[in-house]
>>> print(open('input.cif').read())   # mmCIF, C-alpha atoms
data_upload
#
loop_
_atom_site.label_atom_id
_atom_site.label_comp_id
_atom_site.auth_asym_id
_atom_site.auth_seq_id
_atom_site.Cartn_x
_atom_site.Cartn_y
_atom_site.Cartn_z
CA MET A 1 27.02 -1.20 21.62
CA ARG A 2 27.60 -4.18 19.33
CA ILE A 3 25.10 -6.72 18.09
CA LEU A 4 26.49 -9.84 16.41
CA ILE A 5 24.05 -11.86 14.32
CA LYS A 6 25.55 -15.29 13.64
CA ASN A 7 24.72 -18.27 11.45
CA GLY A 8 21.79 -16.67 9.63
CA ARG A 9 20.85 -16.84 5.98
CA VAL A 10 21.45 -13.26 4.88
CA ILE A 11 19.07 -12.25 2.08
CA ASP A 12 20.01 -8.82 0.74
CA PRO A 13 18.61 -8.46 -2.79
CA ALA A 14 20.12 -5.01 -3.30
CA ASN A 15 23.59 -6.58 -3.03
CA ASN A 16 22.67 -9.93 -4.65
CA ILE A 17 23.46 -11.77 -1.41
CA ASP A 18 21.71 -14.97 -0.35
CA GLU A 19 24.05 -17.03 1.79
CA GLN A 20 25.02 -17.83 5.36
CA ILE A 21 26.82 -14.76 6.68
CA ASP A 22 27.51 -13.08 10.01
CA VAL A 23 26.45 -9.46 10.47
CA LEU A 24 28.00 -7.10 13.00
CA VAL A 25 26.18 -3.96 14.12
CA ARG A 26 28.17 -1.24 15.84
CA SER A 27 26.29 1.76 17.20
CA SER A 28 23.71 2.61 14.55
CA GLN A 29 25.37 1.15 11.47
CA ILE A 30 26.05 -2.13 9.71
CA HIS A 31 29.73 -2.43 10.62
CA SER A 32 30.72 -5.69 8.95
CA VAL A 33 29.22 -8.48 6.85
CA GLN A 34 31.44 -11.56 6.62
CA GLY A 35 31.24 -15.28 5.93
CA ALA A 36 29.85 -17.47 8.69
CA GLY A 37 32.28 -17.62 11.60
CA GLY A 38 34.26 -14.69 10.26
CA ILE A 39 33.36 -12.33 13.09
CA LEU A 40 34.28 -13.23 16.64
CA PRO A 41 32.21 -11.95 19.58
CA GLU A 42 33.73 -9.57 22.09
CA PRO A 43 32.86 -9.14 25.77
CA GLY A 44 29.63 -7.19 26.12
CA ASP A 45 28.30 -8.08 22.67
CA THR A 46 24.66 -8.99 22.24
CA VAL A 47 24.86 -12.20 20.22
CA ILE A 48 21.86 -13.47 18.27
CA ASP A 49 22.06 -17.02 16.95
CA ALA A 50 20.07 -16.86 13.72
CA THR A 51 20.53 -20.50 12.74
CA GLY A 52 17.71 -21.48 10.39
CA MET A 53 16.53 -17.87 10.08
CA TRP A 54 16.57 -15.20 7.40
CA VAL A 55 18.49 -12.01 8.15
CA VAL A 56 17.16 -9.29 5.88
CA PRO A 57 17.17 -5.50 5.56
CA GLY A 58 14.61 -3.79 7.76
CA LEU A 59 11.27 -3.98 5.98
CA ILE A 60 9.69 -0.89 4.41
CA ASP A 61 5.91 -0.42 4.17
CA MET A 62 5.03 2.43 1.86
CA HIS A 63 1.29 2.43 2.66
CA VAL A 64 0.27 2.66 6.33
CA HIS A 65 -2.44 4.54 8.23
CA LEU A 66 -1.24 5.63 11.66
CA ARG A 67 -4.34 7.77 12.40
CA ASP A 68 -2.39 10.46 14.22
CA PRO A 69 -3.30 13.31 14.38
CA GLY A 70 -6.96 13.25 15.28
CA GLN A 71 -8.08 9.59 15.20
CA LEU A 72 -6.37 8.20 18.26
CA HIS A 73 -9.26 5.88 19.09
CA LYS A 74 -8.13 3.79 16.09
CA GLU A 75 -4.34 3.89 16.37
CA THR A 76 -1.51 6.11 17.58
CA ILE A 77 1.99 6.56 16.30
CA LYS A 78 3.15 4.65 19.36
CA THR A 79 0.85 1.65 18.87
CA GLY A 80 1.12 1.69 15.09
CA THR A 81 4.90 1.59 15.09
CA ALA A 82 4.87 -1.07 17.81
CA ALA A 83 2.79 -3.14 15.38
CA ALA A 84 5.28 -2.28 12.63
CA ALA A 85 8.21 -3.48 14.73
CA ALA A 86 6.38 -6.70 15.59
CA GLY A 87 5.78 -7.22 11.86
CA GLY A 88 9.43 -6.64 10.98
CA PHE A 89 8.97 -3.15 9.53
CA THR A 90 11.58 -0.55 10.38
CA THR A 91 10.18 2.13 8.05
CA VAL A 92 6.53 3.01 7.49
CA CYS A 93 5.04 5.71 5.29
CA ALA A 94 2.15 7.45 7.04
CA MET A 95 -0.73 8.22 4.67
CA PRO A 96 -2.34 11.66 4.90
CA ASN A 97 -6.00 10.89 5.76
CA THR A 98 -5.62 12.15 9.30
CA THR A 99 -7.57 14.83 11.18
CA PRO A 100 -6.44 17.39 10.18
CA THR A 101 -5.28 16.07 6.82
CA CYS A 102 -1.54 15.98 6.33
CA ASP A 103 -1.72 18.84 3.83
CA SER A 104 0.60 21.38 5.45
CA ALA A 105 4.12 21.72 6.75
CA GLU A 106 2.72 22.13 10.26
CA THR A 107 1.05 18.72 10.24
CA VAL A 108 4.13 17.09 8.73
CA LYS A 109 6.23 18.58 11.52
CA TYR A 110 3.75 17.35 14.13
CA ILE A 111 3.90 13.78 12.82
CA LYS A 112 7.69 13.78 12.73
CA ALA A 113 8.00 15.32 16.21
CA THR A 114 5.54 12.81 17.66
CA ALA A 115 7.36 9.94 15.99
CA GLU A 116 10.66 11.20 17.37
CA LYS A 117 9.24 10.81 20.88
CA GLU A 118 7.06 7.70 20.54
CA ALA A 119 7.92 5.58 17.51
CA THR A 120 9.69 2.23 17.31
CA ALA A 121 9.93 2.49 13.50
CA ARG A 122 10.96 5.25 11.14
CA VAL A 123 7.86 7.27 10.25
CA ILE A 124 7.93 9.06 6.92
CA PRO A 125 4.89 11.23 6.17
CA ILE A 126 3.12 11.26 2.83
CA GLY A 127 1.58 14.64 1.98
CA SER A 128 -1.87 15.06 0.46
CA ILE A 129 -2.25 16.13 -3.16
CA THR A 130 -5.23 18.35 -2.39
CA LYS A 131 -6.14 20.33 0.70
CA ASN A 132 -8.30 18.31 3.08
CA LEU A 133 -8.36 15.56 0.42
CA ALA A 134 -11.22 17.51 -1.12
CA GLY A 135 -9.95 17.40 -4.70
CA GLU A 136 -10.39 21.15 -5.21
CA GLU A 137 -7.14 22.96 -4.35
CA LEU A 138 -3.57 21.68 -4.41
CA SER A 139 -1.61 21.46 -1.18
CA ASP A 140 1.73 23.24 -0.82
CA PHE A 141 4.04 20.44 -1.96
CA ALA A 142 7.23 22.45 -1.60
CA ALA A 143 6.54 23.44 2.02
CA MET A 144 5.62 19.85 2.92
CA LYS A 145 8.75 18.50 1.25
CA SER A 146 10.90 20.92 3.24
CA ALA A 147 9.15 19.64 6.37
CA GLY A 148 9.85 16.00 5.52
CA ILE A 149 7.39 14.29 3.16
CA VAL A 150 8.76 11.82 0.59
CA ALA A 151 5.72 11.52 -1.69
CA ILE A 152 2.22 12.83 -2.31
CA SER A 153 -1.12 11.03 -2.41
CA ASP A 154 -4.80 11.70 -1.87
CA ASP A 155 -4.76 8.28 -0.23
CA GLY A 156 -8.22 6.69 -0.25
CA LYS A 157 -9.59 9.23 -2.71
CA THR A 158 -9.09 9.85 -6.41
CA VAL A 159 -8.39 13.36 -7.68
CA GLU A 160 -11.40 13.49 -9.95
CA ASN A 161 -10.47 16.70 -11.81
CA PRO A 162 -7.95 15.60 -14.48
CA ALA A 163 -6.71 19.14 -15.13
CA LEU A 164 -5.99 19.67 -11.44
CA TYR A 165 -4.26 16.28 -11.23
CA LYS A 166 -2.10 17.06 -14.26
CA GLU A 167 -1.04 20.32 -12.62
CA ALA A 168 -0.20 18.36 -9.45
CA MET A 169 1.93 16.02 -11.52
CA HIS A 170 3.90 18.90 -13.04
CA ARG A 171 4.53 20.37 -9.58
CA ALA A 172 5.54 16.97 -8.20
CA LYS A 173 7.96 16.45 -11.07
CA ALA A 174 9.65 19.79 -10.38
CA LEU A 175 10.13 18.74 -6.74
CA ASN A 176 11.09 15.12 -7.53
CA LEU A 177 8.18 13.88 -5.39
CA PRO A 178 6.74 10.44 -6.24
CA ILE A 179 2.96 10.25 -6.74
CA LEU A 180 1.04 7.41 -5.07
CA THR A 181 -2.41 7.14 -6.61
CA HIS A 182 -5.61 5.56 -5.31
CA CYS A 183 -7.61 4.59 -8.39
CA GLU A 184 -11.36 4.44 -7.84
CA ASP A 185 -14.19 6.18 -9.65
CA THR A 186 -16.88 6.06 -6.97
CA ARG A 187 -19.54 6.73 -9.60
CA LEU A 188 -18.90 3.28 -11.02
CA THR A 189 -19.06 -0.19 -9.48
CA GLY A 190 -17.18 -3.42 -10.03
CA ASN A 191 -13.72 -3.75 -11.50
CA GLU A 192 -14.12 -0.83 -13.92
CA ALA A 193 -14.18 1.65 -11.02
CA GLU A 194 -10.49 0.88 -10.47
CA GLU A 195 -9.43 0.24 -14.03
CA ILE A 196 -10.80 3.41 -15.64
CA ILE A 197 -8.86 5.63 -13.24
CA ILE A 198 -5.65 3.60 -13.64
CA ALA A 199 -5.93 4.08 -17.41
CA ARG A 200 -6.58 7.82 -16.97
CA ASP A 201 -3.72 8.32 -14.52
CA ILE A 202 -1.26 6.46 -16.72
CA ILE A 203 -2.19 8.78 -19.61
CA LEU A 204 -1.87 11.88 -17.44
CA ALA A 205 1.48 10.77 -16.01
CA LYS A 206 2.82 10.13 -19.50
CA ALA A 207 1.77 13.59 -20.64
CA ALA A 208 3.39 15.16 -17.58
CA GLY A 209 6.51 13.01 -17.85
CA VAL A 210 6.31 11.94 -14.22
CA PRO A 211 6.72 8.52 -12.53
CA LEU A 212 3.48 7.05 -11.19
CA HIS A 213 2.92 4.47 -8.45
CA ILE A 214 -0.42 2.65 -8.39
CA CYS A 215 -1.62 1.73 -4.90
CA HIS A 216 -3.21 -1.64 -4.05
CA VAL A 217 -3.81 -3.05 -7.54
CA SER A 218 -6.55 -5.67 -7.32
CA THR A 219 -7.87 -6.73 -10.75
CA ALA A 220 -6.51 -8.66 -13.71
CA HIS A 221 -7.19 -5.83 -16.16
CA ALA A 222 -5.55 -3.31 -13.84
CA VAL A 223 -2.45 -5.48 -13.85
CA GLU A 224 -2.52 -5.57 -17.64
CA LEU A 225 -2.77 -1.79 -17.85
CA VAL A 226 0.33 -1.49 -15.67
CA ARG A 227 2.14 -4.16 -17.66
CA GLN A 228 1.46 -2.49 -21.00
CA ALA A 229 2.60 0.90 -19.70
CA GLN A 230 5.83 -0.65 -18.48
CA LYS A 231 6.39 -2.41 -21.81
CA ALA A 232 5.97 0.96 -23.52
CA GLY A 233 8.78 2.31 -21.38
CA GLN A 234 6.71 4.40 -19.00
CA ALA A 235 7.81 4.79 -15.36
CA VAL A 236 4.81 3.08 -13.73
CA THR A 237 5.08 0.90 -10.63
CA ALA A 238 2.46 -0.90 -8.59
CA GLU A 239 1.88 -2.44 -5.19
CA VAL A 240 -0.36 -5.24 -3.94
CA THR A 241 -1.61 -5.96 -0.43
CA PRO A 242 -1.35 -9.30 1.35
CA HIS A 243 -5.13 -9.51 1.60
CA HIS A 244 -5.51 -9.20 -2.17
CA PHE A 245 -2.93 -11.89 -2.97
CA THR A 246 -4.40 -14.17 -0.28
CA LEU A 247 -8.19 -13.76 -0.23
CA THR A 248 -10.99 -13.56 -2.79
CA GLN A 249 -14.62 -12.52 -2.61
CA GLU A 250 -15.46 -16.20 -2.14
CA ASP A 251 -13.78 -16.10 1.28
CA MET A 252 -16.21 -13.51 2.62
CA PRO A 253 -18.70 -14.78 5.20
CA PRO A 254 -22.38 -13.78 4.91
CA ARG A 255 -22.93 -10.11 5.72
CA GLU A 256 -24.92 -10.95 8.82
CA ASN A 257 -21.84 -12.71 10.23
CA PRO A 258 -20.22 -10.49 12.90
CA ASP A 259 -16.82 -10.99 11.24
CA ALA A 260 -17.97 -10.07 7.73
CA ALA A 261 -16.95 -6.41 7.99
CA ASN A 262 -13.35 -7.48 8.53
CA TYR A 263 -13.43 -8.54 4.87
CA LYS A 264 -14.64 -5.11 3.75
CA MET A 265 -11.97 -2.90 2.20
CA ALA A 266 -11.32 -0.61 -0.78
CA PRO A 267 -10.56 -1.91 -3.29
CA PRO A 268 -12.74 -4.89 -2.38
CA LEU A 269 -11.75 -8.52 -2.56
CA ARG A 270 -11.93 -9.74 -6.12
CA SER A 271 -12.36 -13.03 -8.00
CA PRO A 272 -9.99 -16.02 -7.92
CA ALA A 273 -8.96 -15.08 -11.48
CA ASP A 274 -8.00 -11.60 -10.31
CA ARG A 275 -5.98 -13.04 -7.44
CA GLN A 276 -4.19 -15.36 -9.86
CA ALA A 277 -3.36 -12.40 -12.11
CA ILE A 278 -1.92 -10.52 -9.14
CA GLN A 279 0.23 -13.48 -8.14
CA ASN A 280 1.43 -13.86 -11.72
CA ALA A 281 2.29 -10.15 -11.81
CA LEU A 282 4.38 -10.51 -8.67
CA LYS A 283 6.14 -13.45 -10.24
CA ASP A 284 6.95 -11.71 -13.53
CA GLY A 285 7.91 -8.42 -11.88
CA THR A 286 5.01 -6.28 -13.09
CA ILE A 287 4.09 -5.64 -9.45
CA THR A 288 7.25 -4.91 -7.48
CA VAL A 289 5.98 -3.87 -4.04
CA ILE A 290 4.00 -5.49 -1.25
CA ALA A 291 2.37 -2.87 0.99
CA THR A 292 -0.06 -3.56 3.81
CA ASP A 293 -2.50 -0.63 3.56
CA HIS A 294 -2.67 -1.06 7.36
CA ALA A 295 -6.05 0.53 8.17
CA PRO A 296 -6.99 0.29 11.86
CA HIS A 297 -10.57 0.95 12.92
CA HIS A 298 -12.31 0.82 16.29
CA ALA A 299 -14.62 -2.18 16.69
CA ASP A 300 -17.68 0.09 16.71
CA GLU A 301 -16.71 1.35 13.25
CA LYS A 302 -16.75 -2.14 11.74
CA THR A 303 -20.37 -2.98 12.45
CA PRO A 304 -22.95 -3.35 10.98
CA PHE A 305 -21.58 -4.38 7.60
CA LYS A 306 -23.53 -1.81 5.58
CA ASN A 307 -22.11 1.11 7.54
CA ALA A 308 -18.72 -0.41 8.34
CA MET A 309 -15.62 1.53 7.36
CA ASN A 310 -13.29 0.07 4.75
CA GLY A 311 -9.95 -1.41 5.70
CA ILE A 312 -8.09 -3.97 7.76
CA ILE A 313 -4.89 -4.01 9.77
CA GLY A 314 -1.91 -5.66 8.14
CA LEU A 315 1.47 -4.87 9.65
CA GLU A 316 1.63 -7.93 11.90
CA THR A 317 0.36 -10.45 9.34
CA ALA A 318 2.26 -9.43 6.18
CA ILE A 319 5.31 -11.66 6.60
CA PRO A 320 3.52 -14.91 7.50
CA LEU A 321 1.03 -14.37 4.68
CA ALA A 322 3.76 -13.60 2.15
CA ILE A 323 5.77 -16.68 3.13
CA THR A 324 2.71 -18.94 3.24
CA GLU A 325 1.00 -17.72 0.08
CA LEU A 326 3.96 -16.72 -2.11
CA VAL A 327 7.20 -18.39 -1.03
CA ASN A 328 5.93 -21.78 0.09
CA THR A 329 3.90 -22.02 -3.13
CA LYS A 330 6.98 -21.18 -5.26
CA ILE A 331 5.41 -18.03 -6.69
CA LEU A 332 8.33 -15.98 -5.35
CA THR A 333 11.78 -16.93 -4.15
CA PRO A 334 12.71 -15.64 -0.69
CA SER A 335 14.94 -13.01 -2.32
CA GLN A 336 12.14 -11.85 -4.63
CA MET A 337 9.75 -11.57 -1.71
CA ILE A 338 12.24 -9.56 0.36
CA SER A 339 12.83 -7.23 -2.61
CA THR A 340 9.16 -6.23 -2.61
CA LEU A 341 9.46 -5.15 1.02
CA THR A 342 12.89 -3.50 1.02
CA ILE A 343 14.90 -2.19 -1.92
CA ASN A 344 11.95 -1.81 -4.33
CA PRO A 345 9.92 0.60 -2.18
CA ALA A 346 13.15 2.38 -1.18
CA LYS A 347 13.90 3.09 -4.84
CA ILE A 348 10.38 4.27 -5.65
CA LEU A 349 10.42 6.67 -2.70
CA ASN A 350 13.98 7.86 -3.33
CA LEU A 351 14.92 7.02 0.25
CA SER A 352 18.40 7.84 1.48
CA GLN A 353 21.35 5.72 0.44
CA GLY A 354 21.52 2.47 2.36
CA ALA A 355 17.77 2.17 2.92
CA GLY A 356 16.56 -1.33 2.15
CA THR A 357 20.06 -2.85 2.19
CA LEU A 358 22.56 -4.48 4.52
CA SER A 359 25.52 -2.70 2.99
CA GLU A 360 28.41 -1.91 5.32
CA GLY A 361 27.93 1.63 6.58
CA ALA A 362 24.16 1.56 6.03
CA PRO A 363 21.77 2.27 8.89
CA ALA A 364 21.46 -0.84 11.07
CA ASP A 365 17.83 -1.62 10.21
CA ILE A 366 17.54 -5.40 10.24
CA THR A 367 14.73 -7.95 10.39
CA ILE A 368 15.25 -11.56 11.44
CA ILE A 369 12.59 -14.02 10.29
CA ASN A 370 11.97 -17.66 11.13
CA PRO A 371 10.60 -18.91 7.79
CA THR A 372 9.48 -22.31 9.07
CA ALA A 373 7.71 -21.36 12.31
CA THR A 374 4.11 -22.52 12.13
CA HIS A 375 1.39 -20.80 14.14
CA ASN A 376 -2.16 -19.55 14.04
CA ILE A 377 -2.62 -15.80 13.71
CA ASP A 378 -4.00 -14.43 16.97
CA LYS A 379 -5.32 -10.87 16.90
CA ASN A 380 -5.30 -10.80 20.70
CA THR A 381 -1.50 -10.74 20.66
CA PHE A 382 -1.27 -7.80 18.24
CA LYS A 383 0.50 -4.61 19.23
CA SER A 384 -1.91 -2.61 17.08
CA GLN A 385 -4.59 -0.78 19.00
CA SER A 386 -7.24 -2.13 16.58
CA LYS A 387 -8.04 -5.77 15.84
CA ASN A 388 -9.91 -5.58 12.52
CA THR A 389 -8.39 -8.51 10.66
CA PRO A 390 -9.95 -11.33 8.62
CA PHE A 391 -6.97 -13.56 9.40
CA HIS A 392 -7.63 -14.34 13.08
CA GLY A 393 -7.10 -18.07 13.60
CA ARG A 394 -5.55 -18.64 10.16
CA ALA A 395 -2.75 -21.22 10.08
CA VAL A 396 0.42 -19.74 8.61
CA THR A 397 4.15 -20.32 8.31
CA GLY A 398 6.77 -17.67 9.02
CA LYS A 399 7.32 -15.40 11.97
CA VAL A 400 9.34 -12.27 12.71
CA GLU A 401 11.71 -12.95 15.61
CA TYR A 402 13.77 -9.76 15.89
CA THR A 403 13.53 -6.23 14.54
CA ILE A 404 16.52 -3.90 14.83
CA LEU A 405 16.07 -0.17 14.22
CA ASN A 406 19.08 2.07 13.89
CA GLY A 407 21.18 -0.41 15.87
CA ALA A 408 18.66 -0.96 18.70
CA ILE A 409 16.55 -4.09 19.16
CA VAL A 410 12.94 -2.90 19.16
CA TYR A 411 11.21 -6.28 18.89
CA ALA A 412 12.37 -9.65 20.16
CA PRO A 413 10.95 -12.99 21.35
CA PRO A 414 9.24 -13.15 24.74
CA GLY A 415 11.78 -13.22 27.55
CA PHE A 416 14.40 -11.25 25.63
CA ASN A 417 15.43 -8.20 27.64
CA LEU A 418 15.09 -5.23 25.31
#
>>> encode(input="input.cif", output="structure tokens")
Amino acid sequence: MRILIKNGRVIDPANNIDEQIDVLVRSSQIHSVQGAGGILPEPGDTVIDATGMWVVPGLIDMHVHLRDPGQLHKETIKTGTAAAAAGGFTTVCAMPNTTPTCDSAETVKYIKATAEKEATARVIPIGSITKNLAGEELSDFAAMKSAGIVAISDDGKTVENPALYKEAMHRAKALNLPILTHCEDTRLTGNEAEEIIIARDIILAKAAGVPLHICHVSTAHAVELVRQAQKAGQAVTAEVTPHHFTLTQEDMPPRENPDAANYKMAPPLRSPADRQAIQNALKDGTITVIATDHAPHHADEKTPFKNAMNGIIGLETAIPLAITELVNTKILTPSQMISTLTINPAKILNLSQGAGTLSEGAPADITIINPTATHNIDKNTFKSQSKNTPFHGRAVTGKVEYTILNGAIVYAPPGFNL
């Protein structure tokens, strides 16, 4: 099978490409990338006219909650990856706060086997640092890596015992496993709850000599801690979510509003000054990854506000929010934005060669985006099983039109015969 993508603006930051180019997919690989008009269609080809669109490497989201095993009332691997495909993501990293926790080779194998049968995106499990996310005993990193994890994290929890965390770092270093850290001291409130753990984890990672990735950075001081570590030569990276670079605490409706809980997440929405610092950090390269922290919850779990669970869905809104809030405002160029969703997470996670690129011979994971399509976000059209989003009805620019996974079209406009 051949797919010929013609007349598109190919944006491939890994190869420093940003120009009008034709892309030919044969079987499961990028077969040829040539100047516009350089590839002629053959009988039987599927031809996509990408005039006015961006043709980019398949997007990678390194922070997603798929809820399987054990929480299927929120999301399944099938519905979660359908949402990923609709959002342009061809690879998603499944966080370990499942039931049971992804803290063993057996659970890793279950996730991968289920994804093999049901997924429309590549699913890469993240293993837990501690068993049952309890912060008391380390999981078997080596067994989980053999089963298929690419990183470790205690996800929505902080490993409070610094000695245990330092031991985890040494073990991760020996296995070349990246560490993704959630930084929150639940005994504190406000910005310092995040910042004090970021400072601690940077110190621990330096002592252990291990790279550290900070999940969902949300405050100005947190950004500065990351920036200073990087200036000192330490291997520290950071991600930001679309909701933190778009919204502030001033956007939250009153708590008695039925929609208020859709603005409740951890870390919480911060001040306009914090949002500005995050946007500046994206612009200057301190923050190099955009990750959704896609966190589906059943409607009954998001009411009332006081008892509502933290988190919002994000796979199907990431691209329009990034284009609207970052590209159209000149904070990021299109190439810079695509880097945060492709080659940058691929490098942090040590993904296989060709991930996050459109190099010839690479896996044919491709996303085609209409950067000028205007629309209002409509949660009722989402593929995700859950609808907990604060962005319903928001006017945005930018829309994913096609997603190609391993040479197969897994998302396309209505009327296209998949």
>>> residues_around(input="input.cif", residues="Thr389 of chain A", least_positions_apart="5", cutoff="8 Å", atoms="all atoms listed in the file", output="number ranges by chain")
A: 262-263, 312-314, 379
>>> resolve_selection(input="input.cif", expression="the PyMOL selection byres ((chain A and resi 82-88) around 7)", output="list in words")
Gly58, Leu59, Lys78, Thr79, Gly80, Thr81, Phe89, Thr90, Thr120, Ala121, Leu315, Glu316, Thr317, Ile319, Thr367, Phe382, Lys383, Ser384, Val400, Thr403, Val410 and Tyr411 of chain A
>>> atom_distance(input="input.cif", atom1="atom CA of Leu341 of chain A", atom2="atom CA of Thr288 of chain A")
8.8 Å
>>> closest_residue(input="input.cif", among="A:Pro211, A:Pro57, A:Gly356, A:Gly44", to="Met1 of chain A", atoms="all atoms listed in the file")
A:Gly44
>>> resolve_selection(input="input.cif", expression="the PyMOL selection byres ((chain A and resi 111) around 9)", output="ChimeraX atom specification")
/A:68-69,77,94,102,106-110,112-116,123-125
>>> residues_around(input="input.cif", residues="segment 180-188 of chain A", least_positions_apart="5", cutoff="8 Å", atoms="all atoms listed in the file", output="list in words")
Ala151, Ile152, Ser153, Asp154, Asp155, Gly156, Lys157, Thr158, Glu160, Ala193, Glu194, Glu195, Ile196, Ile197, Ile198, Leu212, His213, Ile214, Cys215, His216 and Pro267 of chain A
>>> resolve_selection(input="input.cif", expression="the PyMOL selection byres ((chain A and resi 412) around 6)", output="JSON list (two decimals) with C-alpha atoms, keeping the file's coordinate frame")
[["chain", "number", "residue", "atom", "x", "y", "z"],
["A", 401, "GLU", "CA", 11.71, -12.95, 15.61],
["A", 402, "TYR", "CA", 13.77, -9.76, 15.89],
["A", 411, "TYR", "CA", 11.21, -6.28, 18.89],
["A", 413, "PRO", "CA", 10.95, -12.99, 21.35]]
>>> closest_residue(input="input.cif", among="A:Asn97, A:Gln234, A:Ser27, A:Gln228", to="Ala208 of chain A", atoms="only C-alpha atoms")
A:Gln234
>>> residues_near_point(input="input.cif", point="(4.7, 13.3, -15.6)", cutoff="12 Å", atoms="all atoms listed in the file", output="JSON, numbers by chain")
{"A": [165, 166, 167, 168, 169, 170, 171, 172, 173, 174, 175, 176, 177, 178, 179, 201, 202, 203, 204, 205, 206, 207, 208, 209, 210, 211, 212, 213, 234, 235, 236]}
>>> atom_distance(input="input.cif", atom1="atom CA of Ile290 of chain A", atom2="atom CA of Ala308 of chain A")
25.2 Å
>>> residues_around(input="input.cif", residues="segment 18-20 of chain A", least_positions_apart="4", cutoff="10 Å", atoms="all atoms listed in the file", output="ChimeraX atom specification")
/A:6-13,34-37,50-56,334-335
>>> closest_residue(input="input.cif", among="A:Ala355, A:Leu326, A:Ala163, A:Ile366", to="Gly398 of chain A", atoms="only C-alpha atoms")
A:Leu326
>>> closest_residue(input="input.cif", among="A:His63, A:Lys117, A:His31, A:His298", to="Glu239 of chain A", atoms="all atoms listed in the file")
A:His63
>>> decode(input="input.cif", residues="segment 373-384 of chain A", atoms="N, CA, C and O atoms", output="mmCIF file, in the first residue's frame")
data_model
loop_
_atom_site.group_PDB
_atom_site.id
_atom_site.type_symbol
_atom_site.label_atom_id
_atom_site.label_comp_id
_atom_site.auth_asym_id
_atom_site.auth_seq_id
_atom_site.Cartn_x
_atom_site.Cartn_y
_atom_site.Cartn_z
ATOM 1 N N ALA A 373 -7.726 26.303 10.305
ATOM 2 C CA ALA A 373 -9.132 25.925 10.497
ATOM 3 C C ALA A 373 -9.635 26.480 11.825
ATOM 4 O O ALA A 373 -9.061 26.224 12.878
ATOM 5 N N THR A 374 -10.701 27.251 11.771
ATOM 6 C CA THR A 374 -11.282 27.814 12.990
ATOM 7 C C THR A 374 -12.510 26.997 13.388
ATOM 8 O O THR A 374 -13.295 26.575 12.548
ATOM 9 N N HIS A 375 -12.659 26.779 14.677
ATOM 10 C CA HIS A 375 -13.806 26.015 15.170
ATOM 11 C C HIS A 375 -13.947 26.230 16.661
ATOM 12 O O HIS A 375 -13.047 26.799 17.313
ATOM 13 N N ASN A 376 -15.050 25.793 17.203
ATOM 14 C CA ASN A 376 -15.258 25.801 18.639
ATOM 15 C C ASN A 376 -15.102 24.382 19.155
ATOM 16 O O ASN A 376 -15.677 23.440 18.601
ATOM 17 N N ILE A 377 -14.314 24.216 20.200
ATOM 18 C CA ILE A 377 -14.116 22.887 20.770
ATOM 19 C C ILE A 377 -15.451 22.339 21.251
ATOM 20 O O ILE A 377 -16.207 23.025 21.949
ATOM 21 N N ASP A 378 -15.741 21.112 20.884
ATOM 22 C CA ASP A 378 -17.010 20.475 21.230
ATOM 23 C C ASP A 378 -16.726 19.118 21.859
ATOM 24 O O ASP A 378 -16.369 18.163 21.173
ATOM 25 N N LYS A 379 -16.887 19.030 23.177
ATOM 26 C CA LYS A 379 -16.582 17.785 23.883
ATOM 27 C C LYS A 379 -17.467 16.632 23.425
ATOM 28 O O LYS A 379 -17.104 15.463 23.579
ATOM 29 N N ASN A 380 -18.621 16.946 22.854
ATOM 30 C CA ASN A 380 -19.543 15.895 22.423
ATOM 31 C C ASN A 380 -19.045 15.143 21.193
ATOM 32 O O ASN A 380 -19.574 14.085 20.863
ATOM 33 N N THR A 381 -18.035 15.688 20.544
ATOM 34 C CA THR A 381 -17.455 15.006 19.381
ATOM 35 C C THR A 381 -16.208 14.209 19.750
ATOM 36 O O THR A 381 -15.647 13.529 18.891
ATOM 37 N N PHE A 382 -15.783 14.275 20.998
ATOM 38 C CA PHE A 382 -14.533 13.629 21.408
ATOM 39 C C PHE A 382 -14.635 12.111 21.318
ATOM 40 O O PHE A 382 -15.672 11.513 21.585
ATOM 41 N N LYS A 383 -13.512 11.502 20.979
ATOM 42 C CA LYS A 383 -13.408 10.047 20.983
ATOM 43 C C LYS A 383 -13.164 9.516 22.394
ATOM 44 O O LYS A 383 -13.436 8.345 22.666
ATOM 45 N N SER A 384 -12.628 10.347 23.264
ATOM 46 C CA SER A 384 -12.396 9.927 24.643
ATOM 47 C C SER A 384 -13.700 9.515 25.290
ATOM 48 O O SER A 384 -14.767 10.096 25.024
#
